[in-house]
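Undergrad: This is the content of entry_14.cif (mmCIF, N, CA and C atoms):
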```cif
data_run
loop_
_atom_site.label_atom_id
_atom_site.label_comp_id
_atom_site.auth_asym_id
_atom_site.auth_seq_id
_atom_site.Cartn_x
_atom_site.Cartn_y
_atom_site.Cartn_z
N MET C 10 -22.30 -37.59 93.77
CA MET C 10 -23.07 -37.85 92.58
C MET C 10 -22.47 -39.03 91.83
N GLY C 11 -21.17 -39.13 91.77
CA GLY C 11 -20.53 -40.27 91.14
C GLY C 11 -20.79 -40.34 89.65
N ASN C 12 -20.77 -41.58 89.11
CA ASN C 12 -20.98 -41.76 87.68
C ASN C 12 -22.36 -42.31 87.36
N ARG C 13 -23.30 -42.21 88.30
CA ARG C 13 -24.63 -42.73 88.04
C ARG C 13 -25.45 -41.73 87.24
N ALA C 14 -26.43 -42.22 86.53
CA ALA C 14 -27.30 -41.35 85.74
C ALA C 14 -28.17 -40.51 86.67
N ILE C 15 -28.45 -39.30 86.27
CA ILE C 15 -29.28 -38.40 87.05
C ILE C 15 -30.66 -38.39 86.44
N ARG C 16 -31.68 -38.44 87.28
CA ARG C 16 -33.06 -38.44 86.76
C ARG C 16 -33.75 -37.15 87.17
N HIS C 17 -34.46 -36.58 86.23
CA HIS C 17 -35.30 -35.40 86.49
C HIS C 17 -36.57 -35.59 85.70
N SER C 18 -37.70 -35.57 86.37
CA SER C 18 -39.00 -35.77 85.73
C SER C 18 -39.02 -37.05 84.90
N GLY C 19 -38.37 -38.09 85.40
CA GLY C 19 -38.40 -39.36 84.71
C GLY C 19 -37.44 -39.47 83.54
N ILE C 20 -36.69 -38.42 83.22
CA ILE C 20 -35.76 -38.44 82.10
C ILE C 20 -34.37 -38.70 82.65
N ALA C 21 -33.73 -39.73 82.16
CA ALA C 21 -32.37 -40.03 82.62
C ALA C 21 -31.39 -39.15 81.88
N LEU C 22 -30.56 -38.49 82.63
CA LEU C 22 -29.47 -37.71 82.04
C LEU C 22 -28.22 -38.54 82.25
N ASP C 23 -27.76 -39.18 81.19
CA ASP C 23 -26.68 -40.13 81.34
C ASP C 23 -25.30 -39.50 81.32
N LYS C 24 -25.25 -38.17 81.33
CA LYS C 24 -23.97 -37.48 81.37
C LYS C 24 -23.88 -36.73 82.69
N PRO C 25 -23.24 -37.30 83.71
CA PRO C 25 -23.20 -36.69 85.04
C PRO C 25 -22.69 -35.25 85.02
N ALA C 26 -21.78 -34.91 84.12
CA ALA C 26 -21.28 -33.54 84.08
C ALA C 26 -22.36 -32.56 83.67
N ARG C 27 -23.42 -33.05 83.06
CA ARG C 27 -24.51 -32.19 82.63
C ARG C 27 -25.70 -32.26 83.60
N GLY C 28 -25.46 -32.69 84.82
CA GLY C 28 -26.52 -32.87 85.78
C GLY C 28 -27.20 -31.60 86.22
N ASN C 29 -26.62 -30.45 85.91
CA ASN C 29 -27.24 -29.20 86.32
C ASN C 29 -28.33 -28.76 85.36
N TYR C 30 -28.47 -29.41 84.22
CA TYR C 30 -29.54 -29.06 83.30
C TYR C 30 -30.84 -29.64 83.84
N LEU C 31 -31.92 -28.90 83.74
CA LEU C 31 -33.19 -29.35 84.27
C LEU C 31 -33.93 -30.27 83.30
N TYR C 32 -33.49 -30.35 82.07
CA TYR C 32 -34.13 -31.20 81.09
C TYR C 32 -33.08 -31.69 80.11
N ALA C 33 -33.41 -32.78 79.44
CA ALA C 33 -32.47 -33.31 78.46
C ALA C 33 -32.38 -32.32 77.30
N MET C 34 -31.16 -31.97 76.93
CA MET C 34 -30.97 -31.00 75.86
C MET C 34 -30.43 -31.69 74.62
N ASN C 35 -30.80 -31.17 73.47
CA ASN C 35 -30.23 -31.62 72.23
C ASN C 35 -28.89 -30.89 72.09
N ILE C 36 -27.81 -31.57 72.38
CA ILE C 36 -26.49 -30.94 72.43
C ILE C 36 -25.92 -30.79 71.02
N ILE C 37 -25.48 -29.60 70.71
CA ILE C 37 -24.82 -29.29 69.44
C ILE C 37 -23.40 -28.83 69.77
N ARG C 38 -22.44 -29.35 69.12
CA ARG C 38 -21.05 -28.91 69.35
C ARG C 38 -20.77 -27.74 68.43
N ARG C 39 -20.21 -26.66 69.01
CA ARG C 39 -19.91 -25.44 68.26
C ARG C 39 -18.59 -24.89 68.79
N THR C 40 -17.75 -24.44 67.91
CA THR C 40 -16.49 -23.83 68.32
C THR C 40 -16.65 -22.32 68.25
N LEU C 41 -16.34 -21.65 69.35
CA LEU C 41 -16.43 -20.19 69.43
C LEU C 41 -15.04 -19.61 69.63
N GLU C 42 -14.80 -18.49 68.99
CA GLU C 42 -13.56 -17.76 69.21
C GLU C 42 -13.88 -16.60 70.14
N ILE C 43 -13.34 -16.64 71.36
CA ILE C 43 -13.58 -15.58 72.34
C ILE C 43 -12.24 -15.11 72.88
N ASP C 44 -12.23 -13.90 73.42
CA ASP C 44 -10.98 -13.38 73.96
C ASP C 44 -10.69 -14.03 75.31
N ALA C 45 -9.45 -13.91 75.73
CA ALA C 45 -8.99 -14.56 76.96
C ALA C 45 -9.76 -14.08 78.19
N GLY C 46 -10.11 -12.79 78.23
CA GLY C 46 -10.85 -12.26 79.37
C GLY C 46 -12.24 -12.86 79.48
N THR C 47 -12.92 -13.01 78.35
CA THR C 47 -14.24 -13.62 78.34
C THR C 47 -14.15 -15.09 78.77
N ASP C 48 -13.15 -15.79 78.25
CA ASP C 48 -12.95 -17.19 78.62
C ASP C 48 -12.71 -17.32 80.13
N ALA C 49 -11.88 -16.44 80.66
CA ALA C 49 -11.59 -16.49 82.10
C ALA C 49 -12.86 -16.23 82.91
N ARG C 50 -13.66 -15.26 82.48
CA ARG C 50 -14.88 -14.94 83.22
C ARG C 50 -15.89 -16.09 83.14
N LEU C 51 -16.03 -16.71 81.96
CA LEU C 51 -16.93 -17.85 81.82
C LEU C 51 -16.50 -18.99 82.75
N THR C 52 -15.21 -19.25 82.77
CA THR C 52 -14.68 -20.31 83.64
C THR C 52 -14.94 -19.99 85.11
N GLU C 53 -14.72 -18.74 85.48
CA GLU C 53 -14.95 -18.30 86.86
C GLU C 53 -16.43 -18.43 87.24
N MET C 54 -17.31 -17.98 86.35
CA MET C 54 -18.75 -18.06 86.63
C MET C 54 -19.21 -19.50 86.75
N ALA C 55 -18.69 -20.37 85.89
CA ALA C 55 -19.06 -21.78 85.94
C ALA C 55 -18.64 -22.39 87.27
N ALA C 56 -17.43 -22.07 87.72
CA ALA C 56 -16.95 -22.60 89.00
C ALA C 56 -17.77 -22.06 90.16
N GLU C 57 -18.10 -20.76 90.14
CA GLU C 57 -18.88 -20.15 91.21
C GLU C 57 -20.26 -20.79 91.33
N ARG C 58 -20.85 -21.15 90.20
CA ARG C 58 -22.22 -21.67 90.18
C ARG C 58 -22.29 -23.19 90.18
N GLY C 59 -21.15 -23.83 90.05
CA GLY C 59 -21.16 -25.29 89.98
C GLY C 59 -21.81 -25.79 88.70
N GLN C 60 -21.66 -25.04 87.62
CA GLN C 60 -22.23 -25.40 86.33
C GLN C 60 -21.12 -25.50 85.30
N ASP C 61 -21.46 -26.06 84.15
CA ASP C 61 -20.46 -26.04 83.09
C ASP C 61 -20.66 -24.79 82.24
N ILE C 62 -19.70 -24.50 81.39
CA ILE C 62 -19.72 -23.27 80.60
C ILE C 62 -20.92 -23.25 79.66
N ALA C 63 -21.33 -24.40 79.14
CA ALA C 63 -22.49 -24.44 78.24
C ALA C 63 -23.75 -23.95 78.96
N ALA C 64 -23.91 -24.29 80.23
CA ALA C 64 -25.07 -23.83 80.99
C ALA C 64 -25.01 -22.32 81.22
N ILE C 65 -23.82 -21.79 81.49
CA ILE C 65 -23.65 -20.35 81.67
C ILE C 65 -24.01 -19.62 80.38
N LEU C 66 -23.52 -20.11 79.26
CA LEU C 66 -23.83 -19.48 77.97
C LEU C 66 -25.32 -19.57 77.66
N ALA C 67 -25.96 -20.69 77.95
CA ALA C 67 -27.40 -20.84 77.71
C ALA C 67 -28.19 -19.82 78.53
N GLU C 68 -27.81 -19.64 79.79
CA GLU C 68 -28.49 -18.65 80.64
C GLU C 68 -28.26 -17.24 80.13
N ALA C 69 -27.04 -16.95 79.68
CA ALA C 69 -26.73 -15.61 79.17
C ALA C 69 -27.54 -15.30 77.91
N VAL C 70 -27.67 -16.28 77.03
CA VAL C 70 -28.45 -16.08 75.81
C VAL C 70 -29.92 -15.87 76.16
N ALA C 71 -30.44 -16.64 77.09
CA ALA C 71 -31.84 -16.49 77.50
C ALA C 71 -32.08 -15.11 78.11
N LEU C 72 -31.14 -14.64 78.93
CA LEU C 72 -31.26 -13.32 79.54
C LEU C 72 -31.20 -12.24 78.47
N LEU C 73 -30.25 -12.33 77.57
CA LEU C 73 -30.13 -11.35 76.49
C LEU C 73 -31.40 -11.32 75.65
N ASP C 74 -31.92 -12.49 75.36
CA ASP C 74 -33.15 -12.58 74.56
C ASP C 74 -34.33 -11.93 75.27
N SER C 75 -34.32 -11.95 76.60
CA SER C 75 -35.44 -11.39 77.35
C SER C 75 -35.39 -9.87 77.46
N VAL C 76 -34.21 -9.26 77.22
CA VAL C 76 -34.10 -7.81 77.38
C VAL C 76 -33.83 -7.05 76.10
N VAL C 77 -33.47 -7.73 75.03
CA VAL C 77 -33.16 -7.05 73.77
C VAL C 77 -34.31 -7.28 72.80
N GLU C 78 -34.83 -6.20 72.26
CA GLU C 78 -35.93 -6.28 71.30
C GLU C 78 -35.36 -6.65 69.94
N PRO C 79 -35.70 -7.84 69.43
CA PRO C 79 -35.12 -8.26 68.15
C PRO C 79 -35.54 -7.39 66.97
N ALA C 80 -36.65 -6.69 67.08
CA ALA C 80 -37.11 -5.83 65.98
C ALA C 80 -36.27 -4.57 65.88
N GLY C 81 -35.40 -4.34 66.86
CA GLY C 81 -34.56 -3.16 66.83
C GLY C 81 -35.18 -2.01 67.60
N PRO C 82 -34.52 -0.87 67.59
CA PRO C 82 -35.00 0.26 68.37
C PRO C 82 -36.28 0.86 67.78
N ASP C 83 -37.07 1.43 68.66
CA ASP C 83 -38.30 2.12 68.24
C ASP C 83 -37.93 3.59 68.03
N ILE C 84 -37.57 3.92 66.81
CA ILE C 84 -37.10 5.27 66.49
C ILE C 84 -38.17 6.31 66.77
N ALA C 85 -39.42 5.99 66.46
CA ALA C 85 -40.51 6.95 66.70
C ALA C 85 -40.63 7.27 68.19
N GLU C 86 -40.49 6.25 69.04
CA GLU C 86 -40.55 6.47 70.49
C GLU C 86 -39.37 7.30 70.95
N ASP C 87 -38.19 7.01 70.42
CA ASP C 87 -37.00 7.79 70.78
C ASP C 87 -37.18 9.26 70.40
N ARG C 88 -37.72 9.52 69.22
CA ARG C 88 -37.94 10.90 68.78
C ARG C 88 -38.99 11.60 69.64
N ARG C 89 -40.05 10.85 70.02
CA ARG C 89 -41.09 11.43 70.88
C ARG C 89 -40.48 11.85 72.21
N ARG C 90 -39.65 10.99 72.79
CA ARG C 90 -39.02 11.31 74.08
C ARG C 90 -38.05 12.48 73.95
N LEU C 91 -37.32 12.55 72.86
CA LEU C 91 -36.41 13.67 72.64
C LEU C 91 -37.20 14.97 72.51
N ASP C 92 -38.28 14.95 71.74
CA ASP C 92 -39.12 16.15 71.59
C ASP C 92 -39.68 16.59 72.93
N GLU C 93 -40.11 15.62 73.74
CA GLU C 93 -40.64 15.92 75.07
C GLU C 93 -39.56 16.59 75.93
N PHE C 94 -38.34 16.05 75.88
CA PHE C 94 -37.24 16.64 76.65
C PHE C 94 -36.93 18.06 76.16
N LEU C 95 -36.88 18.25 74.86
CA LEU C 95 -36.55 19.57 74.31
C LEU C 95 -37.57 20.62 74.73
N LEU C 96 -38.83 20.20 74.90
CA LEU C 96 -39.86 21.13 75.35
C LEU C 96 -39.80 21.39 76.85
N SER C 97 -39.64 20.34 77.62
CA SER C 97 -39.69 20.47 79.09
C SER C 97 -38.33 20.71 79.73
N ARG C 98 -37.26 20.24 79.09
CA ARG C 98 -35.90 20.27 79.63
C ARG C 98 -35.81 19.49 80.95
N LYS C 99 -36.71 18.52 81.14
CA LYS C 99 -36.69 17.70 82.35
C LYS C 99 -36.03 16.36 82.04
N ALA C 100 -35.12 15.98 82.94
CA ALA C 100 -34.41 14.70 82.81
C ALA C 100 -33.85 14.30 84.17
N VAL C 101 -33.40 13.09 84.28
CA VAL C 101 -32.73 12.62 85.48
C VAL C 101 -31.23 12.74 85.22
N PRO C 102 -30.51 13.56 86.00
CA PRO C 102 -29.06 13.67 85.82
C PRO C 102 -28.37 12.33 86.03
N LEU C 103 -27.32 12.09 85.26
CA LEU C 103 -26.59 10.83 85.33
C LEU C 103 -26.11 10.54 86.75
N THR C 104 -25.65 11.55 87.47
CA THR C 104 -25.14 11.31 88.84
C THR C 104 -26.26 10.80 89.75
N ASP C 105 -27.49 11.31 89.56
CA ASP C 105 -28.63 10.83 90.35
C ASP C 105 -28.94 9.37 90.02
N ALA C 106 -28.91 9.04 88.72
CA ALA C 106 -29.18 7.66 88.30
C ALA C 106 -28.11 6.71 88.83
N GLU C 107 -26.84 7.14 88.77
CA GLU C 107 -25.75 6.31 89.27
C GLU C 107 -25.86 6.07 90.77
N ALA C 108 -26.21 7.12 91.52
CA ALA C 108 -26.36 6.99 92.98
C ALA C 108 -27.51 6.04 93.30
N TRP C 109 -28.59 6.14 92.55
CA TRP C 109 -29.76 5.28 92.76
C TRP C 109 -29.37 3.82 92.52
N VAL C 110 -28.72 3.54 91.40
CA VAL C 110 -28.32 2.17 91.08
C VAL C 110 -27.33 1.64 92.11
N ALA C 111 -26.39 2.46 92.53
CA ALA C 111 -25.40 2.04 93.53
C ALA C 111 -26.06 1.69 94.88
N SER C 112 -27.22 2.26 95.14
CA SER C 112 -27.89 2.02 96.42
C SER C 112 -28.72 0.73 96.44
N TRP C 113 -28.92 0.13 95.28
CA TRP C 113 -29.72 -1.10 95.22
C TRP C 113 -29.11 -2.17 96.11
N ASP C 114 -29.97 -2.93 96.75
CA ASP C 114 -29.57 -4.03 97.63
C ASP C 114 -28.71 -3.59 98.80
N THR C 115 -28.90 -2.34 99.24
CA THR C 115 -28.22 -1.87 100.45
C THR C 115 -29.30 -1.55 101.47
N SER C 116 -28.88 -1.30 102.70
CA SER C 116 -29.85 -0.95 103.75
C SER C 116 -30.39 0.47 103.55
N GLU C 117 -29.73 1.26 102.72
CA GLU C 117 -30.16 2.64 102.49
C GLU C 117 -30.48 2.86 101.01
N GLU C 118 -31.33 1.97 100.46
CA GLU C 118 -31.68 2.08 99.05
C GLU C 118 -32.45 3.37 98.80
N LEU C 119 -32.04 4.08 97.77
CA LEU C 119 -32.65 5.36 97.42
C LEU C 119 -33.91 5.16 96.59
N PRO C 120 -34.87 6.10 96.68
CA PRO C 120 -36.03 6.01 95.80
C PRO C 120 -35.63 6.36 94.36
N ARG C 121 -36.43 5.93 93.41
CA ARG C 121 -36.16 6.23 92.01
C ARG C 121 -36.08 7.75 91.84
N PRO C 122 -35.05 8.24 91.18
CA PRO C 122 -34.92 9.69 91.02
C PRO C 122 -36.01 10.25 90.09
N SER C 123 -36.43 11.44 90.36
CA SER C 123 -37.45 12.11 89.55
C SER C 123 -36.80 13.06 88.57
N PRO C 124 -37.36 13.14 87.36
CA PRO C 124 -36.82 14.12 86.42
C PRO C 124 -36.95 15.53 86.95
N ARG C 125 -35.98 16.39 86.62
CA ARG C 125 -36.05 17.79 87.00
C ARG C 125 -35.48 18.63 85.86
N LYS C 126 -35.78 19.90 85.87
CA LYS C 126 -35.33 20.78 84.82
C LYS C 126 -33.81 20.88 84.85
N ILE C 127 -33.20 20.65 83.71
CA ILE C 127 -31.75 20.75 83.62
C ILE C 127 -31.39 21.61 82.42
N GLY C 128 -30.14 22.03 82.38
CA GLY C 128 -29.63 22.80 81.24
C GLY C 128 -30.36 24.05 81.06
#
```
Have the structure of the file written as structure tokens, please.
TA:
Amino acid sequence: MGNRAIRHSGIALDKPARGNYLYAMNIIRRTLEIDAGTDARLTEMAAERGQDIAAILAEAVALLDSVVEPAGPDIAEDRRRLDEFLLSRKAVPLTDAEAWVASWDTSEELPRPSPRKIG
């Protein structure tokens, strides 16, 4: 790659170290205080992916944003599910859920566990 500018969709990215970004970003400098373990993991992930730490953090924020509801928990839904459980006593035991998740991406992937009467 050298020190030449990288082009994507006609946009020159004049910072070769930022060549893994798919579009020109408005870069903001920010200082974060993180623990040593988090710093080590960020560095490791960046090396594994051939990206810089800023790209890893951007992906992590995008992923978090896609799975966390900013409005907070739906308390009414939680109460409805609890009431349903208290009436039926049906649930998926933790050991069944753990075994199912552990089987993902294996040749012997388990089917999703079904709730059953417990307690």
Undergrad: Enumerate, as a short mmCIF file (atom, residue, chain, number, x, y, z; two decimals) with N, CA and C atoms, in the frame of the given file, the residues matched when the PyMOL selection byres (((chain C and resi 96-102 and name CA) around 6) and name CA) is run on the file above.
TA:
```cif
data_model
loop_
_atom_site.label_atom_id
_atom_site.label_comp_id
_atom_site.auth_asym_id
_atom_site.auth_seq_id
_atom_site.Cartn_x
_atom_site.Cartn_y
_atom_site.Cartn_z
N GLU C 93 -40.11 15.62 73.74
CA GLU C 93 -40.64 15.92 75.07
C GLU C 93 -39.56 16.59 75.93
N PHE C 94 -38.34 16.05 75.88
CA PHE C 94 -37.24 16.64 76.65
C PHE C 94 -36.93 18.06 76.16
N LEU C 95 -36.88 18.25 74.86
CA LEU C 95 -36.55 19.57 74.31
C LEU C 95 -37.57 20.62 74.73
N LEU C 103 -27.32 12.09 85.26
CA LEU C 103 -26.59 10.83 85.33
C LEU C 103 -26.11 10.54 86.75
N THR C 104 -25.65 11.55 87.47
CA THR C 104 -25.14 11.31 88.84
C THR C 104 -26.26 10.80 89.75
N ASP C 105 -27.49 11.31 89.56
CA ASP C 105 -28.63 10.83 90.35
C ASP C 105 -28.94 9.37 90.02
N PRO C 124 -37.36 13.14 87.36
CA PRO C 124 -36.82 14.12 86.42
C PRO C 124 -36.95 15.53 86.95
N ARG C 125 -35.98 16.39 86.62
CA ARG C 125 -36.05 17.79 87.00
C ARG C 125 -35.48 18.63 85.86
N LYS C 126 -35.78 19.90 85.87
CA LYS C 126 -35.33 20.78 84.82
C LYS C 126 -33.81 20.88 84.85
N ILE C 127 -33.20 20.65 83.71
CA ILE C 127 -31.75 20.75 83.62
C ILE C 127 -31.39 21.61 82.42
#
```
Undergrad: Using Å and a single decimal, report how far CA of Pro122 (chain C) sits from atom C of Val110 (chain C).
TA: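 Result for atom C of Val110 (chain C) versus CA of Pro122 (chain C): 11.1 Å, one decimal.
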Undergrad: Got a sec: who's within 12 Å of Arg58 (chain C), counting only C-alpha atoms, leaving out chain neighbours fewer than 6 positions off, as a PyMOL selection string?
TA: chain C and resi 29+51-52+64-65+68
Undergrad: How would the residues just picked look written out with N, CA and C atoms as a tab-separated table (two decimals), in the frame of the given file?
TA:
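As written to disk, result.tsv reads:
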```
chain	number	residue	atom	x	y	z
C	29	ASN	N	-26.62	-30.45	85.91
C	29	ASN	CA	-27.24	-29.20	86.32
C	29	ASN	C	-28.33	-28.76	85.36
C	51	LEU	N	-16.03	-16.71	81.96
C	51	LEU	CA	-16.93	-17.85	81.82
C	51	LEU	C	-16.50	-18.99	82.75
C	52	THR	N	-15.21	-19.25	82.77
C	52	THR	CA	-14.68	-20.31	83.64
C	52	THR	C	-14.94	-19.99	85.11
C	64	ALA	N	-23.91	-24.29	80.23
C	64	ALA	CA	-25.07	-23.83	80.99
C	64	ALA	C	-25.01	-22.32	81.22
C	65	ILE	N	-23.82	-21.79	81.49
C	65	ILE	CA	-23.65	-20.35	81.67
C	65	ILE	C	-24.01	-19.62	80.38
C	68	GLU	N	-27.81	-19.64	79.79
C	68	GLU	CA	-28.49	-18.65	80.64
C	68	GLU	C	-28.26	-17.24	80.13
```
Undergrad: Between CA of Arg121 (chain C) and atom N of Glu107 (chain C), what is the spacing in Å?
TA: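 For atom N of Glu107 (chain C) relative to CA of Arg121 (chain C), the distance reads 9.9 Å.
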Undergrad: In Å, with one decimal, what is the gap from atom N of Ile37 (chain C) to atom N of Val70 (chain C)?
TA: 14.9 Å
Undergrad: Show me, as AutoDock Vina command-line options, the centre and edge lengths in Å to one decimal of the axis-aligned box that covers every listed atom of region 45-62 of chain C with 5 Å on each side.
TA:
```
--center_x -15.6 --center_y -19.2 --center_z 83.5 --size_x 23.3 --size_y 23.8 --size_z 25.6
```
Undergrad: Can you tell me, as a list of chain:residue names, which residues in region 63-93 of chain C count as helix (DSSP H, G or I) by DSSP?
TA: C:Ala63, C:Ala64, C:Ile65, C:Leu66, C:Ala67, C:Glu68, C:Ala69, C:Val70, C:Ala71, C:Leu72, C:Leu73, C:Asp74, C:Ser75, C:Val76, C:Ile84, C:Ala85, C:Glu86, C:Asp87, C:Arg88, C:Arg89, C:Arg90, C:Leu91, C:Asp92, C:Glu93
